[in-house]
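Source file: model_31.cif (mmCIF, C-alpha atoms)
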```cif
data_run
#
loop_
_atom_site.label_atom_id
_atom_site.label_comp_id
_atom_site.auth_asym_id
_atom_site.auth_seq_id
_atom_site.Cartn_x
_atom_site.Cartn_y
_atom_site.Cartn_z
CA MET Y 19 -41.21 -15.40 -14.89
CA ASP Y 20 -44.11 -12.96 -15.01
CA SER Y 21 -42.05 -10.46 -13.05
CA ILE Y 22 -39.07 -10.77 -15.40
CA ARG Y 23 -41.34 -10.23 -18.44
CA GLN Y 24 -42.97 -7.29 -16.69
CA ALA Y 25 -39.53 -5.83 -15.82
CA PHE Y 26 -38.43 -5.80 -19.48
CA GLU Y 27 -41.85 -4.52 -20.62
CA LEU Y 28 -41.54 -1.69 -18.11
CA LEU Y 29 -38.03 -0.81 -19.23
CA PHE Y 30 -38.84 -0.76 -22.93
CA SER Y 31 -42.21 0.92 -22.55
CA PHE Y 32 -40.13 4.04 -21.84
CA ASP Y 33 -42.51 4.91 -19.04
CA LYS Y 34 -41.62 8.48 -18.08
CA GLU Y 35 -42.05 7.99 -14.36
CA LEU Y 36 -39.92 4.84 -14.29
CA TRP Y 37 -37.08 6.54 -16.15
CA GLN Y 38 -37.36 9.55 -13.86
CA ILE Y 39 -37.04 7.21 -10.83
CA ILE Y 40 -34.02 5.52 -12.44
CA GLY Y 41 -32.51 8.98 -13.08
CA VAL Y 42 -32.95 10.09 -9.46
CA THR Y 43 -31.56 6.76 -8.21
CA MET Y 44 -28.47 7.06 -10.39
CA ARG Y 45 -27.91 10.74 -9.55
CA MET Y 46 -28.21 10.08 -5.82
CA SER Y 47 -25.99 6.97 -5.91
CA PHE Y 48 -23.33 8.62 -8.10
CA PHE Y 49 -22.99 11.74 -5.95
CA SER Y 50 -23.15 9.95 -2.60
CA THR Y 51 -20.53 7.38 -3.73
CA THR Y 52 -18.26 10.09 -5.17
CA ILE Y 53 -18.44 12.32 -2.10
CA SER Y 54 -18.00 9.36 0.30
CA CYS Y 55 -14.94 8.16 -1.64
CA LEU Y 56 -13.43 11.65 -1.84
CA ILE Y 57 -13.68 11.89 1.95
CA GLY Y 58 -13.21 8.24 2.87
CA LEU Y 59 -10.33 7.05 0.66
CA PRO Y 60 -7.71 9.60 1.83
CA LEU Y 61 -8.82 9.10 5.45
CA GLY Y 62 -8.68 5.32 4.99
CA ALA Y 63 -5.19 5.64 3.48
CA LEU Y 64 -4.04 7.73 6.45
CA LEU Y 65 -5.59 5.30 8.93
CA GLY Y 66 -4.01 2.36 7.12
CA THR Y 67 -0.52 3.79 6.84
CA LYS Y 68 0.03 6.02 9.89
CA GLN Y 69 0.77 5.01 13.46
CA PHE Y 70 -0.65 7.29 16.14
CA LYS Y 71 -1.99 7.06 19.69
CA ALA Y 72 -5.72 7.29 18.99
CA LYS Y 73 -5.56 4.88 16.02
CA SER Y 74 -7.11 1.92 17.82
CA PHE Y 75 -9.96 4.06 19.18
CA ILE Y 76 -10.63 5.64 15.76
CA LYS Y 77 -10.62 2.20 14.09
CA LYS Y 78 -13.13 0.87 16.62
CA THR Y 79 -15.34 3.94 16.09
CA VAL Y 80 -15.18 3.57 12.30
CA HIS Y 81 -15.99 -0.16 12.55
CA THR Y 82 -18.98 0.66 14.77
CA LEU Y 83 -20.20 3.31 12.32
CA MET Y 84 -19.89 0.79 9.47
CA GLY Y 85 -22.86 -0.96 11.05
CA LEU Y 86 -24.86 2.23 11.57
CA PRO Y 87 -28.54 1.39 10.92
CA PRO Y 88 -29.78 3.40 7.90
CA VAL Y 89 -32.89 4.58 9.75
CA VAL Y 90 -30.70 6.01 12.52
CA ALA Y 91 -28.58 7.86 9.94
CA GLY Y 92 -31.78 9.06 8.27
CA LEU Y 93 -33.21 10.23 11.57
CA LEU Y 94 -29.99 12.05 12.45
CA VAL Y 95 -29.92 13.89 9.12
CA TYR Y 96 -33.68 14.57 9.39
CA THR Y 97 -33.12 16.17 12.82
CA LEU Y 98 -30.35 18.34 11.43
CA PHE Y 99 -32.30 19.53 8.37
CA THR Y 100 -35.82 19.75 9.75
CA HIS Y 101 -37.37 23.23 9.94
CA TYR Y 102 -36.29 23.67 13.58
CA GLY Y 103 -32.91 21.96 13.15
CA PRO Y 104 -29.53 23.71 12.86
CA PHE Y 105 -29.59 23.51 9.04
CA GLY Y 106 -33.38 24.03 8.71
CA LYS Y 107 -32.93 27.35 6.92
CA LEU Y 108 -31.30 25.59 3.99
CA ASN Y 109 -34.70 24.04 3.11
CA LEU Y 110 -33.09 20.83 1.95
CA LEU Y 111 -35.45 18.34 3.59
CA PHE Y 112 -37.28 16.14 1.05
CA THR Y 113 -34.79 16.89 -1.71
CA VAL Y 114 -32.30 14.66 -3.51
CA GLU Y 115 -29.47 16.73 -1.96
CA VAL Y 116 -30.41 15.73 1.60
CA MET Y 117 -30.75 12.10 0.47
CA VAL Y 118 -27.16 12.34 -0.78
CA ILE Y 119 -26.09 13.79 2.59
CA ALA Y 120 -27.80 10.95 4.48
CA GLN Y 121 -26.08 8.41 2.25
CA VAL Y 122 -22.70 10.09 2.72
CA VAL Y 123 -23.18 9.73 6.50
CA LEU Y 124 -23.91 6.03 5.99
CA ILE Y 125 -21.30 5.17 3.36
CA THR Y 126 -18.24 7.18 4.39
CA PRO Y 127 -17.43 4.97 7.43
CA ILE Y 128 -17.69 1.91 5.16
CA VAL Y 129 -15.23 3.46 2.69
CA ILE Y 130 -12.83 4.47 5.50
CA GLY Y 131 -13.03 1.08 7.23
CA LEU Y 132 -12.64 -1.10 4.14
CA SER Y 133 -9.94 1.05 2.49
CA SER Y 134 -7.86 1.30 5.68
CA SER Y 135 -7.99 -2.50 6.09
CA PHE Y 136 -6.96 -3.08 2.47
CA ILE Y 137 -4.18 -0.50 2.62
CA GLU Y 138 -2.92 -1.66 6.02
CA GLY Y 139 -2.66 -5.20 4.69
CA SER Y 140 -0.82 -4.35 1.50
CA SER Y 141 1.09 -1.16 2.25
CA LYS Y 142 3.93 -2.41 4.48
CA PRO Y 143 6.33 -3.41 1.67
CA VAL Y 144 5.31 -0.31 -0.33
CA ILE Y 145 6.06 2.00 2.61
CA GLU Y 146 9.35 0.27 3.36
CA THR Y 147 10.45 0.47 -0.29
CA ALA Y 148 9.36 4.10 -0.55
CA ARG Y 149 11.18 4.93 2.67
CA GLY Y 150 14.29 3.18 1.37
CA LEU Y 151 14.13 5.43 -1.70
CA ARG Y 152 13.64 8.56 0.47
CA LEU Y 153 10.34 9.39 -1.25
CA SER Y 154 8.18 12.15 0.19
CA LYS Y 155 5.21 11.32 2.43
CA SER Y 156 2.73 12.45 -0.21
CA LYS Y 157 4.44 10.32 -2.88
CA THR Y 158 4.41 7.33 -0.49
CA LEU Y 159 0.70 7.81 0.18
CA PHE Y 160 0.05 8.11 -3.55
CA LEU Y 161 1.98 4.85 -4.14
CA CYS Y 162 0.02 3.06 -1.39
CA ILE Y 163 -3.26 4.08 -3.02
CA SER Y 164 -2.01 3.35 -6.53
CA GLU Y 165 -0.64 -0.10 -5.60
CA GLY Y 166 -3.86 -1.08 -3.84
CA ARG Y 167 -6.18 0.37 -6.45
CA THR Y 168 -7.78 -2.95 -7.41
CA SER Y 169 -8.82 -3.47 -3.80
CA LEU Y 170 -9.84 0.17 -3.48
CA PHE Y 171 -11.95 -0.23 -6.59
CA SER Y 172 -13.86 -2.97 -4.76
CA VAL Y 173 -14.40 -0.48 -1.94
CA VAL Y 174 -15.89 2.04 -4.40
CA LEU Y 175 -18.19 -0.63 -5.83
CA SER Y 176 -19.25 -1.70 -2.32
CA ALA Y 177 -20.06 1.93 -1.56
CA PHE Y 178 -22.08 2.20 -4.76
CA GLY Y 179 -23.86 -1.07 -3.99
CA ARG Y 180 -24.80 0.15 -0.52
CA SER Y 181 -25.96 3.47 -1.95
CA ILE Y 182 -28.18 2.10 -4.71
CA ALA Y 183 -29.78 -0.53 -2.43
CA GLU Y 184 -30.42 1.75 0.56
CA VAL Y 185 -34.01 2.46 1.56
CA GLY Y 186 -34.32 3.40 5.26
CA ALA Y 187 -32.43 6.69 5.35
CA VAL Y 188 -33.58 7.97 1.96
CA SER Y 189 -37.24 7.34 2.71
CA ILE Y 190 -36.98 9.32 5.98
CA VAL Y 191 -35.17 12.36 4.58
CA GLY Y 192 -36.47 12.14 1.00
CA GLY Y 193 -40.08 11.35 1.77
CA ASN Y 194 -40.60 9.21 -1.36
CA ILE Y 195 -42.24 12.09 -3.22
CA GLN Y 196 -43.48 11.22 -6.71
CA TRP Y 197 -41.57 12.91 -9.54
CA LYS Y 198 -39.12 14.36 -7.00
CA THR Y 199 -37.40 12.09 -4.47
CA ARG Y 200 -38.75 8.67 -5.36
CA VAL Y 201 -35.94 6.18 -6.01
CA MET Y 202 -36.04 2.51 -7.01
CA THR Y 203 -35.93 1.16 -3.45
CA THR Y 204 -38.62 3.47 -2.09
CA ALA Y 205 -40.75 2.73 -5.17
CA ILE Y 206 -40.38 -1.02 -4.49
CA MET Y 207 -41.42 -0.45 -0.87
CA LEU Y 208 -44.46 1.56 -1.98
CA GLU Y 209 -45.59 -1.02 -4.55
CA THR Y 210 -45.16 -3.82 -1.96
CA ASN Y 211 -47.30 -1.88 0.54
CA LYS Y 212 -49.95 -1.48 -2.18
CA GLY Y 213 -49.91 -5.25 -2.67
CA LYS Y 214 -48.49 -5.07 -6.22
CA PHE Y 215 -45.87 -7.74 -5.54
CA SER Y 216 -45.26 -8.64 -9.17
CA PHE Y 217 -44.67 -5.01 -10.13
CA ALA Y 218 -42.43 -4.51 -7.06
CA LEU Y 219 -40.43 -7.58 -8.07
CA ALA Y 220 -40.11 -6.20 -11.60
CA LEU Y 221 -38.70 -2.99 -10.17
CA GLY Y 222 -36.29 -5.08 -8.07
CA ILE Y 223 -35.08 -6.87 -11.20
CA ILE Y 224 -34.50 -3.51 -12.93
CA LEU Y 225 -32.53 -2.33 -9.87
CA LEU Y 226 -30.35 -5.44 -10.03
CA LEU Y 227 -29.85 -4.94 -13.77
CA ILE Y 228 -28.71 -1.35 -13.23
CA ALA Y 229 -26.28 -2.44 -10.50
CA PHE Y 230 -24.93 -5.18 -12.78
CA ILE Y 231 -24.44 -2.83 -15.74
CA VAL Y 232 -22.65 -0.23 -13.58
CA ASN Y 233 -20.36 -2.90 -12.08
CA ALA Y 234 -19.59 -4.39 -15.48
CA LEU Y 235 -18.83 -0.97 -17.00
CA ALA Y 236 -16.60 0.01 -14.08
CA SER Y 237 -14.72 -3.31 -14.23
CA PHE Y 238 -14.23 -2.87 -17.96
CA ILE Y 239 -12.79 0.63 -17.50
CA VAL Y 240 -10.38 -0.49 -14.77
CA LYS Y 241 -9.29 -3.55 -16.77
CA ASP Y 242 -8.73 -1.35 -19.82
CA LYS Y 243 -6.58 1.06 -17.80
CA LYS Y 244 -4.50 -1.78 -16.38
CA ALA Y 245 -3.82 -3.06 -19.87
CA MET L 6 30.78 8.66 9.34
CA ILE L 7 28.52 5.94 10.80
CA GLU L 8 28.75 5.45 14.54
CA LEU L 9 26.89 3.05 16.82
CA GLN L 10 27.29 3.35 20.59
CA LYS L 11 25.76 0.80 22.97
CA VAL L 12 22.94 0.05 20.53
CA LYS L 13 20.37 -2.53 21.59
CA LYS L 14 17.22 -3.76 19.87
CA CYS L 15 14.79 -5.87 21.84
CA TYR L 16 11.48 -7.45 20.91
CA GLY L 17 9.83 -8.03 24.27
CA GLU L 18 12.25 -10.08 26.35
CA ARG L 19 14.38 -11.07 23.38
CA THR L 20 17.46 -9.01 22.54
CA VAL L 21 18.18 -9.39 18.83
CA LEU L 22 20.99 -6.84 18.56
CA ASP L 23 23.51 -5.69 21.14
CA ILE L 24 26.42 -3.69 19.73
CA GLU L 25 28.81 -2.02 22.14
CA SER L 26 30.58 0.09 19.54
CA LEU L 27 30.88 0.16 15.76
CA HIS L 28 32.44 2.74 13.46
CA ILE L 29 32.20 2.60 9.67
CA GLY L 30 34.39 5.11 7.84
CA ALA L 31 33.29 7.23 4.87
CA GLY L 32 33.62 5.44 1.55
CA GLU L 33 33.94 1.97 3.05
CA ILE L 34 32.17 -1.07 1.60
CA ALA L 35 31.32 -3.22 4.60
CA ALA L 36 29.69 -6.64 4.59
CA PHE L 37 27.76 -8.06 7.54
CA ALA L 38 27.58 -11.83 7.72
CA GLY L 39 26.19 -14.29 10.22
CA ALA L 40 23.70 -17.09 10.65
CA ASN L 41 19.95 -16.51 10.33
CA GLY L 42 18.72 -14.46 13.27
CA SER L 43 22.15 -13.03 14.04
CA GLY L 44 20.86 -9.45 13.74
CA LYS L 45 22.10 -8.45 10.27
CA THR L 46 18.73 -7.30 8.95
CA THR L 47 17.81 -5.64 12.25
CA LEU L 48 21.05 -3.65 12.11
CA LEU L 49 20.26 -2.38 8.61
CA ARG L 50 16.66 -1.61 9.56
CA LEU L 51 17.89 0.46 12.49
CA LEU L 52 20.41 2.30 10.32
CA SER L 53 17.76 2.98 7.66
CA GLY L 54 15.34 4.36 10.24
CA VAL L 55 12.65 1.81 9.41
CA GLU L 56 12.91 0.69 13.04
CA LYS L 57 14.08 2.46 16.18
CA ALA L 58 16.73 1.18 18.57
CA SER L 59 15.57 0.22 22.05
CA GLU L 60 18.72 1.75 23.52
CA GLY L 61 21.89 3.51 22.40
CA LYS L 62 22.94 6.12 19.89
CA ILE L 63 23.22 5.86 16.11
CA THR L 64 24.94 8.60 14.12
CA ILE L 65 24.41 8.38 10.36
CA PRO L 66 24.01 10.93 7.53
CA ALA L 67 20.44 11.67 6.44
CA GLU L 68 21.01 10.82 2.78
CA ILE L 69 20.45 7.06 2.99
CA LEU L 70 19.14 4.67 0.38
CA TYR L 71 17.96 1.30 1.63
CA MET L 72 17.10 -1.91 -0.19
CA PRO L 73 14.99 -4.20 2.02
CA GLN L 74 15.44 -7.96 1.98
CA GLN L 75 11.97 -8.44 0.46
CA CYS L 76 12.16 -6.48 -2.79
CA TYR L 77 8.91 -4.98 -4.00
CA ALA L 78 7.89 -4.41 -7.62
CA PHE L 79 5.58 -1.48 -8.19
CA ARG L 80 2.91 -1.71 -10.88
CA GLY L 81 4.09 -0.94 -14.39
CA ASN L 82 7.16 -1.78 -16.41
CA LEU L 83 10.80 -1.74 -15.32
CA ILE L 84 11.45 1.83 -16.52
CA LYS L 85 8.45 3.11 -14.56
CA ASN L 86 9.65 1.20 -11.51
CA ILE L 87 12.96 3.06 -11.62
CA THR L 88 11.79 6.55 -12.56
CA LEU L 89 8.57 6.35 -10.51
CA GLY L 90 7.00 8.77 -12.94
CA SER L 91 9.51 11.60 -12.61
CA GLY L 92 13.06 10.30 -13.13
CA ASP L 93 15.42 10.29 -16.10
CA LYS L 94 14.37 7.50 -18.50
CA ALA L 95 17.74 7.43 -20.30
CA ALA L 96 19.59 7.00 -17.00
CA ALA L 97 17.16 4.25 -16.03
CA MET L 98 17.84 2.50 -19.32
CA ARG L 99 21.62 2.73 -18.76
CA LEU L 100 21.22 1.10 -15.34
CA LEU L 101 19.05 -1.66 -16.80
CA GLU L 102 21.73 -2.28 -19.43
CA ALA L 103 24.45 -2.43 -16.76
CA LEU L 104 22.45 -5.04 -14.85
CA GLU L 105 21.47 -6.92 -18.02
CA LEU L 106 17.78 -6.17 -17.72
CA SER L 107 17.37 -3.87 -20.73
CA ALA L 108 15.63 -6.59 -22.79
CA LEU L 109 12.88 -6.60 -20.15
CA ALA L 110 12.62 -2.79 -19.86
CA GLU L 111 9.06 -2.60 -21.18
CA LYS L 112 7.85 -5.76 -19.45
CA PRO L 113 5.72 -5.55 -16.29
CA ALA L 114 7.89 -5.75 -13.18
CA SER L 115 5.52 -8.34 -11.71
CA SER L 116 6.76 -10.83 -14.32
CA LEU L 117 10.37 -10.80 -13.05
CA SER L 118 12.09 -13.69 -11.30
CA GLY L 119 13.50 -13.25 -7.79
CA GLY L 120 17.04 -12.52 -9.00
CA GLU L 121 15.80 -10.10 -11.68
CA LEU L 122 13.64 -8.34 -9.12
CA GLN L 123 16.65 -7.84 -6.84
CA ARG L 124 18.59 -6.32 -9.74
CA LEU L 125 15.64 -4.05 -10.55
CA ALA L 126 15.42 -2.94 -6.90
CA LEU L 127 19.12 -2.11 -7.05
CA CYS L 128 18.62 -0.10 -10.29
CA ARG L 129 15.88 1.85 -8.52
CA LEU L 130 18.32 2.77 -5.75
CA LEU L 131 21.28 3.52 -7.99
CA ALA L 132 19.21 5.97 -10.04
CA ARG L 133 19.24 8.24 -6.97
CA GLU L 134 22.03 9.93 -5.03
CA CYS L 135 23.04 9.16 -1.47
CA LYS L 136 25.84 9.18 1.08
CA VAL L 137 25.03 5.77 2.53
CA LEU L 138 23.78 2.75 0.61
CA LEU L 139 22.22 -0.01 2.73
CA LEU L 140 21.64 -3.32 0.97
CA ASP L 141 19.95 -6.22 2.76
CA GLU L 142 21.10 -9.42 1.04
CA PRO L 143 21.09 -7.83 -2.43
CA THR L 144 22.18 -11.04 -4.15
CA SER L 145 20.31 -13.71 -2.16
CA ALA L 146 18.21 -14.73 -5.18
CA CYS L 147 20.87 -14.08 -7.85
CA ASP L 148 22.92 -16.62 -9.76
CA ALA L 149 26.71 -16.23 -10.07
CA ARG L 150 26.38 -13.85 -13.04
CA GLY L 151 23.73 -11.79 -11.24
CA GLU L 152 25.94 -11.59 -8.14
CA GLN L 153 28.83 -10.37 -10.27
CA LEU L 154 26.66 -7.72 -11.99
CA VAL L 155 25.27 -6.45 -8.69
CA MET L 156 28.70 -6.10 -7.09
CA GLN L 157 30.12 -4.41 -10.19
CA ALA L 158 27.25 -1.89 -10.24
CA VAL L 159 27.58 -1.22 -6.50
CA ARG L 160 31.32 -0.65 -6.76
CA GLU L 161 30.91 1.73 -9.74
CA TYR L 162 28.21 3.67 -7.89
CA GLN L 163 30.37 3.84 -4.75
CA LYS L 164 33.30 5.23 -6.75
CA ALA L 165 31.13 7.77 -8.58
CA HIS L 166 29.38 9.05 -5.45
CA SER L 167 32.08 8.35 -2.82
CA CYS L 168 29.38 6.88 -0.62
CA THR L 169 29.55 4.31 2.15
CA VAL L 170 28.03 0.91 1.40
CA LEU L 171 26.78 -1.50 4.04
CA MET L 172 25.39 -4.83 2.96
CA THR L 173 24.37 -8.06 4.56
CA THR L 174 25.35 -11.24 2.78
CA HIS L 175 25.50 -15.01 2.98
CA SER L 176 28.14 -15.11 0.26
CA PRO L 177 31.81 -15.44 1.26
CA VAL L 178 32.71 -14.54 -2.34
CA ILE L 179 31.06 -11.13 -1.99
CA ALA L 180 32.56 -10.66 1.46
CA ALA L 181 36.06 -11.59 0.36
CA GLN L 182 36.22 -10.02 -3.08
CA GLY L 183 33.72 -7.19 -3.08
CA CYS L 184 34.15 -5.54 0.31
CA ASP L 185 36.77 -3.61 2.26
CA ARG L 186 35.54 -4.90 5.60
CA LEU L 187 33.76 -7.92 6.99
CA VAL L 188 31.79 -7.91 10.24
CA ILE L 189 30.50 -11.24 11.52
CA LEU L 190 27.51 -11.16 13.85
CA ASN L 191 26.48 -13.87 16.29
CA SER L 192 23.23 -13.58 18.29
CA GLY L 193 23.24 -9.81 17.87
CA ASN L 194 26.89 -9.33 18.92
CA ILE L 195 29.97 -8.59 16.84
CA GLU L 196 32.03 -11.77 16.73
CA ALA L 197 34.69 -10.69 14.22
CA ASP L 198 35.52 -7.44 12.44
CA GLY L 199 38.30 -6.60 10.01
CA VAL L 200 39.66 -6.88 6.49
CA PRO L 201 37.70 -9.76 4.86
CA ARG L 202 40.74 -11.88 3.96
CA GLU L 203 42.11 -11.56 7.51
CA VAL L 204 38.78 -12.38 9.12
CA LEU L 205 38.27 -15.37 6.84
CA MET L 206 41.84 -16.70 7.12
CA HIS L 207 42.48 -15.98 10.80
CA PRO L 208 39.21 -15.86 12.75
CA GLU L 209 39.78 -14.66 16.31
CA THR L 210 37.19 -16.66 18.21
CA ALA L 211 36.26 -20.34 18.18
CA TRP L 212 32.69 -19.49 17.13
CA ALA L 213 33.90 -17.34 14.21
CA LYS L 214 36.25 -20.13 13.18
CA SER L 215 33.50 -22.74 13.09
CA PHE L 216 31.06 -20.36 11.33
CA ILE L 217 33.60 -19.52 8.62
CA ALA L 218 34.47 -23.20 8.18
CA ARG L 219 30.77 -24.08 7.70
CA TRP L 220 30.32 -21.05 5.45
CA LYS L 221 33.12 -22.08 3.11
CA ILE L 222 31.83 -25.66 2.88
CA GLU L 223 28.26 -24.52 2.13
CA CYS L 224 29.51 -22.35 -0.72
#
```
What's the structure tokens form of this structure?
Amino acid sequence: MDSIRQAFELLFSFDKELWQIIGVTMRMSFFSTTISCLIGLPLGALLGTKQFKAKSFIKKTVHTLMGLPPVVAGLLVYTLFTHYGPFGKLNLLFTVEVMVIAQVVLITPIVIGLSSSFIEGSSKPVIETARGLRLSKSKTLFLCISEGRTSLFSVVLSAFGRSIAEVGAVSIVGGNIQWKTRVMTTAIMLETNKGKFSFALALGIILLLIAFIVNALASFIVKDKKA
Amino acid sequence: MIELQKVKKCYGERTVLDIESLHIGAGEIAAFAGANGSGKTTLLRLLSGVEKASEGKITIPAEILYMPQQCYAFRGNLIKNITLGSGDKAAAMRLLEALELSALAEKPASSLSGGELQRLALCRLLARECKVLLLDEPTSACDARGEQLVMQAVREYQKAHSCTVLMTTHSPVIAAQGCDRLVILNSGNIEADGVPREVLMHPETAWAKSFIARWKIEC
């Protein structure tokens, strides 16, 4: 109860640092989800609707990458963007941008895997009907995505959920720098390490609240569009 | 126009279609009848290109429209289902009127009954042009009035576009009154082929005779 009270006190105290952390969290989650979906949804649609020789191998690879440990993804991106790495000259390490990149590496396979499964399960009658009407391949693909959009919306929310709750990769590449790359999850980790469990729990409650509000808003928008 | 030569379709060990030779002339309306599993749907799926034959040669024009047995309703209302975002709305409305669906034009397609959905799927096809119209049991969920409307619309479309129509059916009424030709399939083979009245009145084989007798009783 003390944590819940503290969570609301924190929120309404308009503490500058807290709101800055919330801002970074939202920015990072929004961009990583958007980029992952822009890459992952079309690839998932292709994987779900097309038949080709390497399909089984690609599906297995995607399913394996869906379980990629965040710290491994973080380490991989760290290696690429460290001073001596191939992208070291970009000076992106310990910035929000590289945190987004790490999250894209983590989330894109999830978007591809989930969307291809949803589309594969629901697209057969759509493809057959579209083929019967001699519709173009692009129109057929559009119809597959459009017809399965409720399921695909769940994929987007899953991606967002993974993004906002992720800690391992972002702490490696972001460094949890105050006023710069600190996000809700890394802040919770820091407060826990300092022994401030009640404060950490309050931050956790705020994180859950944010996730709930985003989900509710997104559901409202989709429902409104359907109507 | 449509030519099948030594066409076989197998699923593993099982041969579901084995046609030595079949020719359908331009402008014909042909019905394919037979018991469940006789190969009617497989034949139409091969002709539509949805599936590939295991053996043999199929010659058919590219401009085909195909209505699968399981009709699918896209999201949105009936007009949107026909135009798919780019077609002529007035033409779509005329088709809906012809198939007595105009009162439901603005309703979501997901709210239709099975028979209404079949009529909508037919509207969607008839709003486009083709040389061959393939219909897989287009009236299986329709009542007598629905069956009549479907056949009337198909015949009008066939006259207007001079296209060939191939349909599978379980209805002797459609076969006898709506088609120029009736082909009866049995275990993937052609058992009888000819003018519907002749096939129905004077079946050539004992199997065809018993099938037609059962068929008439059922209906």
For this session: Excluding Leu170 in chain Y and residues on its chain fewer than 6 positions from it, collect all residues at most 8 Å away from it, counting all atoms listed in the file, and give them as a ChimeraX atom specification.
Result: /Y:133,136,163
Can you tell me, as AutoDock Vina command-line options, the centre and edge lengths (Å, one decimal) of the axis-aligned box enclosing all of range 21-31 of chain L's listed atoms after padding each side by 4 Å?
```
--center_x 26.3 --center_y -1.1 --center_z 13.5 --size_x 24.2 --size_y 24.6 --size_z 25.3
```
Problem set entry | Residue members of the PyMOL selection byres ((chain Y and resi 193) around 10) in the file shown, as a VMD selection string | chain Y and resid 111 to 114 117 187 to 192 194 to 196 198 to 200 204
For this session: Give the residues of chain L that lie within 8 Å of chain Y; count only C-alpha atoms, and format the answer as a list in words.
Result: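 Only these qualify: Ser53, Val55, Ile69, Leu70, Tyr71, Met72, Pro73, Gln75, Cys76, Tyr77, Phe79, Arg80, Arg129, Leu130 and Arg133 of chain L.
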Go ahead and write the selection's residues with C-alpha atoms as a short mmCIF file (atom, residue, chain, number, x, y, z; two decimals), in the coordinates of the input.
```cif
data_model
loop_
_atom_site.label_atom_id
_atom_site.label_comp_id
_atom_site.auth_asym_id
_atom_site.auth_seq_id
_atom_site.Cartn_x
_atom_site.Cartn_y
_atom_site.Cartn_z
CA SER L 53 17.76 2.98 7.66
CA VAL L 55 12.65 1.81 9.41
CA ILE L 69 20.45 7.06 2.99
CA LEU L 70 19.14 4.67 0.38
CA TYR L 71 17.96 1.30 1.63
CA MET L 72 17.10 -1.91 -0.19
CA PRO L 73 14.99 -4.20 2.02
CA GLN L 75 11.97 -8.44 0.46
CA CYS L 76 12.16 -6.48 -2.79
CA TYR L 77 8.91 -4.98 -4.00
CA PHE L 79 5.58 -1.48 -8.19
CA ARG L 80 2.91 -1.71 -10.88
CA ARG L 129 15.88 1.85 -8.52
CA LEU L 130 18.32 2.77 -5.75
CA ARG L 133 19.24 8.24 -6.97
#
```
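Running the PyMOL selection byres ((chain Y and resi 95) around 8) on this file leaves Ala91, Gly92, Leu93, Leu94, Tyr96, Thr97, Leu98, Phe99, Val116, Ile119, Ala120 and Val191 of chain Y selected.
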Keeping only C-alpha atoms, write those residues as a compact mmCIF listing (two decimals), in the coordinates of the input.
```
# COMPACT_ATOMS: atom_id res chain seq x y z
CA ALA Y 91 -28.58 7.86 9.94
CA GLY Y 92 -31.78 9.06 8.27
CA LEU Y 93 -33.21 10.23 11.57
CA LEU Y 94 -29.99 12.05 12.45
CA TYR Y 96 -33.68 14.57 9.39
CA THR Y 97 -33.12 16.17 12.82
CA LEU Y 98 -30.35 18.34 11.43
CA PHE Y 99 -32.30 19.53 8.37
CA VAL Y 116 -30.41 15.73 1.60
CA ILE Y 119 -26.09 13.79 2.59
CA ALA Y 120 -27.80 10.95 4.48
CA VAL Y 191 -35.17 12.36 4.58
```
For this session: Return as a PyMOL selection string the set of residues that the PyMOL selection byres ((chain Y and resi 52) around 12) yields on the displayed structure.
Result: chain Y and resi 44-51+53-59+118-119+121-122+125-126+129+173-175+177-178+181
Exercise. In Å to one decimal, how far is CA of Leu104 in chain L from CA of Leu131 in chain L?
Worked result: 11.0 Å
